[in-house]
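Quick notes on the structure that follows.
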Amino acid sequence: MKPKIAILCSGGDVSGMNPALKRFVEYAYAKGMEPYFIHRGFEGLIDNKIIPASYTDVAGIITRGGTKIGSARSIRFKDPAYRTIAANNLKRLRITMLIVLGGDGSFRGMERFYAEHGISFCGIPSTIDNDINGTDYCLGVDTALNVIKNSIDDIRDTASSFRRAFIIETMGRNCGYLALVSAITSGAELCLIPEVPVNIDDYKGCFQSQIAKGRDYFITIVSEALQNSEEIAQWFEKELGFESRVNVLGHTQRGGNPSVYDRLMAYKFVTYAIDALLAGKTHSVICYNKSHFNFKTIDEVALHPYHLDEELLILGREQFLPSHCQM
Ligand code: F6P
């Protein structure tokens, strides 16, 4: 009998999941396996939404953001009774291996599932927040950064035409990665993230001097974690006399045509994951560090919080701390 393998997406969807699904089907068949899709994440696993996957299911999806098989955040999967139902659904179909595209919470759930029911799995870090400990890169972050870059570039056109301060809020949950990389690569004047606390008043003198020399617009990138975009806009109005607008980029950041990099990484991640499961790896996460793939345990990934890369933080501090503001 052919080995059977399934894939599911868990948590916030990312652009790159569909390319991963395409590679999953194609590579599973190439390896003599029977591939299955689990619809709507762990919710679908519990509700037995486990469907055989074919080439036609993945035809034409490489260009599409989101995930064709849906994703979900499952509360029920935290309950051992529902995990038993989920395991029985897989066992009935004789599926012994699972690939999970998701975050550290999903991997932690899978670890328990493996310990209780012996279903092997490999996790592929997937979140636009890029906030999973143990990997430099999570699937989907590149497309999200490109979506943000396009929005900021577009906003700069109007900002520069209208003498305004624009406050642009990025996603990222508690992590400033999206905001910091976007601020550096779009030439923003100011970047506010939780990892680099600053006092906004410390910029006043420098910004006033820039205005006196002819600056007539400001772009500020704020991480959603700080929840202070409106406050910052009011500061520009009150302290610098600049009409201000807040743009919350919101869920546009999760959509869009997957970038070349995310497509390629989706292919590589899935290839490594299937090879690892076939080679007998039972419960690991495939990570990407310093241009190399490596397998980590769930503890290495989920026990510690993610810290922003120090090199990136140094760049950010040099660019955005009030002490480095160019008068
Ligand atoms: O984790 C991905 C993410 O998009 C975060 O950046 C954001 O805080 C959150 O999910 C939004 O969640 P929801 O789509 O449930 O509103």
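Here's how to read the names in the structure tokens: chain A, B, ... by the order shown, residue numbers from 1 in each chain, ligand numbers from 1 in the order shown.
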
Next item on the list: Enumerate the residues of range 198-310 of chain A with a DSSP assignment of alpha helix (DSSP H), computed from the backbone, and present them as JSON, numbers by chain.
Entry: {"A": [204, 205, 206, 207, 208, 209, 210, 211, 212, 229, 230, 231, 232, 233, 234, 235, 236, 237, 238, 239, 240, 260, 261, 262, 263, 264, 265, 266, 267, 268, 269, 270, 271, 272, 273, 274, 275, 276, 277, 278, 298, 299, 300, 301, 302, 310]}

Please produce a file of those selected residues containing C-alpha atoms, as a PDB file, in the first residue's frame.
```pdb
ATOM      1  CA  LYS A 204      10.703  67.434  17.649  1.00  0.00           C
ATOM      2  CA  GLY A 205      13.810  69.611  17.383  1.00  0.00           C
ATOM      3  CA  CYS A 206      15.261  67.546  14.541  1.00  0.00           C
ATOM      4  CA  PHE A 207      12.009  67.474  12.557  1.00  0.00           C
ATOM      5  CA  GLN A 208      11.540  71.234  13.044  1.00  0.00           C
ATOM      6  CA  SER A 209      15.009  71.794  11.660  1.00  0.00           C
ATOM      7  CA  GLN A 210      14.223  69.533   8.670  1.00  0.00           C
ATOM      8  CA  ILE A 211      11.018  71.495   8.035  1.00  0.00           C
ATOM      9  CA  ALA A 212      12.950  74.771   8.169  1.00  0.00           C
ATOM     10  CA  SER A 229      -1.055  55.406  15.398  1.00  0.00           C
ATOM     11  CA  GLU A 230      -3.760  58.003  16.157  1.00  0.00           C
ATOM     12  CA  GLU A 231      -1.681  59.425  18.981  1.00  0.00           C
ATOM     13  CA  ILE A 232       1.327  59.827  16.682  1.00  0.00           C
ATOM     14  CA  ALA A 233      -0.843  61.528  14.051  1.00  0.00           C
ATOM     15  CA  GLN A 234      -2.072  64.006  16.662  1.00  0.00           C
ATOM     16  CA  TRP A 235       1.532  64.657  17.711  1.00  0.00           C
ATOM     17  CA  PHE A 236       2.441  65.699  14.153  1.00  0.00           C
ATOM     18  CA  GLU A 237      -0.608  67.997  14.043  1.00  0.00           C
ATOM     19  CA  LYS A 238      -0.049  69.574  17.441  1.00  0.00           C
ATOM     20  CA  GLU A 239       3.740  69.726  17.715  1.00  0.00           C
ATOM     21  CA  LEU A 240       4.751  70.280  14.085  1.00  0.00           C
ATOM     22  CA  VAL A 260       9.034  34.638  -6.487  1.00  0.00           C
ATOM     23  CA  TYR A 261      10.926  34.178  -3.238  1.00  0.00           C
ATOM     24  CA  ASP A 262       7.894  32.863  -1.326  1.00  0.00           C
ATOM     25  CA  ARG A 263       7.010  30.514  -4.189  1.00  0.00           C
ATOM     26  CA  LEU A 264      10.518  29.088  -4.318  1.00  0.00           C
ATOM     27  CA  MET A 265      10.750  28.779  -0.537  1.00  0.00           C
ATOM     28  CA  ALA A 266       7.355  27.036  -0.475  1.00  0.00           C
ATOM     29  CA  TYR A 267       8.724  24.468  -2.929  1.00  0.00           C
ATOM     30  CA  LYS A 268      11.895  23.958  -0.909  1.00  0.00           C
ATOM     31  CA  PHE A 269      10.143  23.739   2.464  1.00  0.00           C
ATOM     32  CA  VAL A 270       7.667  21.122   1.219  1.00  0.00           C
ATOM     33  CA  THR A 271      10.403  19.082  -0.450  1.00  0.00           C
ATOM     34  CA  TYR A 272      12.437  19.008   2.757  1.00  0.00           C
ATOM     35  CA  ALA A 273       9.351  18.172   4.813  1.00  0.00           C
ATOM     36  CA  ILE A 274       8.288  15.212   2.657  1.00  0.00           C
ATOM     37  CA  ASP A 275      11.847  13.872   2.451  1.00  0.00           C
ATOM     38  CA  ALA A 276      12.187  14.141   6.228  1.00  0.00           C
ATOM     39  CA  LEU A 277       8.934  12.305   6.907  1.00  0.00           C
ATOM     40  CA  LEU A 278       9.870   9.560   4.457  1.00  0.00           C
ATOM     41  CA  ILE A 298       9.275  21.929  18.846  1.00  0.00           C
ATOM     42  CA  ASP A 299      10.951  23.015  22.075  1.00  0.00           C
ATOM     43  CA  GLU A 300      13.698  24.835  20.181  1.00  0.00           C
ATOM     44  CA  VAL A 301      11.006  26.665  18.221  1.00  0.00           C
ATOM     45  CA  ALA A 302       8.149  27.162  20.639  1.00  0.00           C
ATOM     46  CA  GLU A 310      20.394  42.000  16.044  1.00  0.00           C
TER      47      GLU A 310
END
```

Item checked: Expected answer as an NGL selection string: strand (DSSP E or B) residues in range 120-305 of chain A -> :A and (120-126 or 139 or 164-170 or 190-193 or 196 or 218-223 or 243-248 or 283-289 or 292-296)

Next item on the list: Pick out the residues no farther than 12 Å from ligand 1, counting only C-alpha atoms and all ligand atoms, and list them as a PyMOL selection string.
Entry: chain A and resi 10-15+66+71-74+102-106+125-132+138-141+144-145+169-179+223-227+248-255

Check: CA of Thr96 in chain A and CA of Lys296 in chain A, how far apart in Å?
Finding: 20.3 Å

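For Val25 in chain A, the set of protein, DNA and RNA residues having any atom at most 9 Å away, when counting only C-alpha atoms and skipping those fewer than 3 positions along the same chain, is Ala20, Leu21, Lys22, Ala28, Tyr29, Ala30, Glu34, Pro35, Tyr36, Ala53, Ser54, Tyr55, Asp57 and Val58 of chain A.
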
Contacts of range 193-300 of chain A with range 153-160 of chain A up to 10 Å, shortest pair per row, only C-alpha atoms, as CSV:
```
residue,atom,partner,partner_atom,distance
A:Arg215,CA,A:Ser160,CA,9.3
A:Asp216,CA,A:Ser160,CA,6.9
A:Tyr217,CA,A:Ser160,CA,5.7
A:Phe218,CA,A:Ala159,CA,7.3
A:Ile219,CA,A:Arg156,CA,7.2
A:Ser244,CA,A:Ala159,CA,9.5
A:Arg245,CA,A:Ala159,CA,9.4
A:Asn247,CA,A:Ile155,CA,9.0
```

Could you write out the selected residues, including all heavy atoms, as a CSV table (one decimal), in the first residue's frame?
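Full text of selection.csv as output:
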```csv
chain,number,residue,atom,x,y,z
A,215,ARG,N,11.7,70.3,4.3
A,215,ARG,CA,11.0,69.0,4.3
A,215,ARG,C,9.5,69.3,4.3
A,215,ARG,O,9.0,70.1,5.1
A,215,ARG,CB,11.3,68.2,5.5
A,215,ARG,CG,10.4,67.0,5.7
A,215,ARG,CD,10.8,66.0,6.7
A,215,ARG,NE,12.0,65.3,6.4
A,215,ARG,CZ,12.1,64.4,5.4
A,215,ARG,NH1,11.0,64.1,4.6
A,215,ARG,NH2,13.2,63.8,5.1
A,216,ASP,N,8.7,68.8,3.4
A,216,ASP,CA,7.3,69.1,3.5
A,216,ASP,C,6.4,67.8,3.6
A,216,ASP,O,5.2,67.9,3.3
A,216,ASP,CB,6.9,70.0,2.3
A,216,ASP,CG,7.1,69.4,1.0
A,216,ASP,OD1,7.6,68.2,0.9
A,216,ASP,OD2,6.9,70.0,0.0
A,217,TYR,N,6.9,66.7,3.9
A,217,TYR,CA,6.1,65.6,4.3
A,217,TYR,C,6.8,64.6,5.1
A,217,TYR,O,8.1,64.6,5.2
A,217,TYR,CB,5.5,64.9,3.0
A,217,TYR,CG,6.5,64.1,2.2
A,217,TYR,CD1,6.7,62.7,2.5
A,217,TYR,CD2,7.3,64.7,1.2
A,217,TYR,CE1,7.6,62.0,1.7
A,217,TYR,CE2,8.2,64.0,0.5
A,217,TYR,CZ,8.4,62.7,0.8
A,217,TYR,OH,9.3,62.0,0.0
A,218,PHE,N,6.1,63.8,5.9
A,218,PHE,CA,6.7,62.7,6.7
A,218,PHE,C,6.0,61.4,6.5
A,218,PHE,O,4.8,61.3,6.4
A,218,PHE,CB,6.6,63.1,8.2
A,218,PHE,CG,7.4,64.2,8.6
A,218,PHE,CD1,7.0,65.5,8.6
A,218,PHE,CD2,8.7,64.0,9.1
A,218,PHE,CE1,7.7,66.6,9.0
A,218,PHE,CE2,9.5,65.1,9.5
A,218,PHE,CZ,9.0,66.4,9.4
A,219,ILE,N,6.8,60.3,6.5
A,219,ILE,CA,6.3,59.0,6.5
A,219,ILE,C,6.7,58.3,7.7
A,219,ILE,O,7.9,58.2,8.0
A,219,ILE,CB,6.8,58.2,5.3
A,219,ILE,CG1,6.5,58.8,3.9
A,219,ILE,CG2,6.3,56.7,5.3
A,219,ILE,CD1,5.1,58.6,3.4
A,244,SER,N,-2.3,65.5,9.3
A,244,SER,CA,-1.9,64.1,9.3
A,244,SER,C,-3.0,63.1,9.0
A,244,SER,O,-4.1,63.4,9.1
A,244,SER,CB,-1.4,63.7,10.7
A,244,SER,OG,-0.3,64.6,11.1
A,245,ARG,N,-2.6,62.0,8.5
A,245,ARG,CA,-3.5,60.9,8.1
A,245,ARG,C,-2.9,59.6,8.6
A,245,ARG,O,-1.7,59.3,8.5
A,245,ARG,CB,-3.7,60.8,6.6
A,245,ARG,CG,-4.5,62.0,6.0
A,245,ARG,CD,-5.9,62.0,6.4
A,245,ARG,NE,-6.7,63.1,5.7
A,245,ARG,CZ,-6.8,64.3,6.1
A,245,ARG,NH1,-6.2,64.7,7.3
A,245,ARG,NH2,-7.5,65.2,5.5
A,247,ASN,N,-3.0,55.5,8.0
A,247,ASN,CA,-3.4,54.4,7.1
A,247,ASN,C,-3.1,53.1,7.8
A,247,ASN,O,-1.9,52.7,8.0
A,247,ASN,CB,-2.6,54.5,5.8
A,247,ASN,CG,-3.2,55.5,4.8
A,247,ASN,OD1,-3.7,55.1,3.8
A,247,ASN,ND2,-3.2,56.7,5.2
```

Next item on the list: Using only C-alpha atoms, determine which residues lie at most 12 Å from Pro197 in chain A, disregarding the query and same-chain residues fewer than 2 positions distant; provide the list as a ChimeraX atom specification.
Entry: /A:176,191-195,199-200,202,222-223,225-226,313,316-317,320-322

Restrict the selected residues to N, CA and C atoms and save them as a CSV table (one decimal), in the first residue's frame.
```csv
chain,number,residue,atom,x,y,z
A,176,GLY,N,8.0,43.7,15.7
A,176,GLY,CA,8.2,44.8,14.9
A,176,GLY,C,8.8,44.5,13.5
A,191,CYS,N,10.3,55.3,12.5
A,191,CYS,CA,9.8,53.9,12.6
A,191,CYS,C,9.6,53.6,14.1
A,192,LEU,N,8.4,53.2,14.4
A,192,LEU,CA,8.1,52.9,15.9
A,192,LEU,C,7.7,51.4,16.0
A,193,ILE,N,8.5,50.7,16.8
A,193,ILE,CA,8.3,49.3,17.0
A,193,ILE,C,8.5,49.0,18.5
A,194,PRO,N,7.9,47.9,19.0
A,194,PRO,CA,8.1,47.6,20.5
A,194,PRO,C,9.5,47.3,20.9
A,195,GLU,N,10.3,46.8,19.9
A,195,GLU,CA,11.7,46.4,20.3
A,195,GLU,C,12.6,47.6,20.5
A,199,ASN,N,10.9,58.1,22.8
A,199,ASN,CA,10.0,59.1,23.2
A,199,ASN,C,9.8,60.0,22.0
A,200,ILE,N,8.6,60.1,21.5
A,200,ILE,CA,8.4,60.8,20.2
A,200,ILE,C,8.8,62.3,20.4
A,202,ASP,N,11.4,63.5,21.5
A,202,ASP,CA,12.8,63.6,21.2
A,202,ASP,C,13.1,63.9,19.8
A,222,VAL,N,4.5,52.5,11.8
A,222,VAL,CA,4.2,52.1,13.2
A,222,VAL,C,3.8,50.6,13.2
A,223,SER,N,4.3,49.8,14.1
A,223,SER,CA,3.9,48.4,14.3
A,223,SER,C,2.6,48.4,15.0
A,225,ALA,N,1.6,46.5,17.1
A,225,ALA,CA,1.8,46.2,18.5
A,225,ALA,C,1.7,47.4,19.4
A,226,LEU,N,2.1,48.6,18.9
A,226,LEU,CA,2.1,49.7,19.8
A,226,LEU,C,0.8,50.4,20.0
A,313,LEU,N,18.3,45.2,14.0
A,313,LEU,CA,18.0,46.2,15.0
A,313,LEU,C,19.1,47.3,15.0
A,316,GLY,N,18.3,49.5,12.2
A,316,GLY,CA,17.1,50.3,12.6
A,316,GLY,C,17.4,51.5,13.5
A,317,ARG,N,18.3,51.1,14.5
A,317,ARG,CA,18.7,52.2,15.5
A,317,ARG,C,19.4,53.3,14.8
A,320,PHE,N,16.9,55.3,12.8
A,320,PHE,CA,15.7,55.9,13.3
A,320,PHE,C,15.7,56.4,14.8
A,321,LEU,N,16.8,56.2,15.5
A,321,LEU,CA,16.8,56.7,16.9
A,321,LEU,C,16.9,58.2,16.8
A,322,PRO,N,16.3,58.9,17.8
A,322,PRO,CA,16.3,60.4,17.7
A,322,PRO,C,17.8,60.9,17.7
```

Item checked: Of the listed residues A:Phe77, A:Tyr82, A:Phe37, A:Phe42, that which approaches Ile95 in chain A most closely, counting only C-alpha atoms -> A:Phe37

Check: In terms of the shortest atom-to-atom distance over only C-alpha atoms, which of A:Phe121, A:Phe295, A:Tyr203, A:Tyr288 is closest to Met327 in chain A?
Finding: A:Tyr203

Note to self: Considering only C-alpha atoms, can you say which of A:Ala6, A:Tyr306, A:Gly32, A:Val285 comes closest to Pro52 in chain A?
What the structure shows: A:Ala6
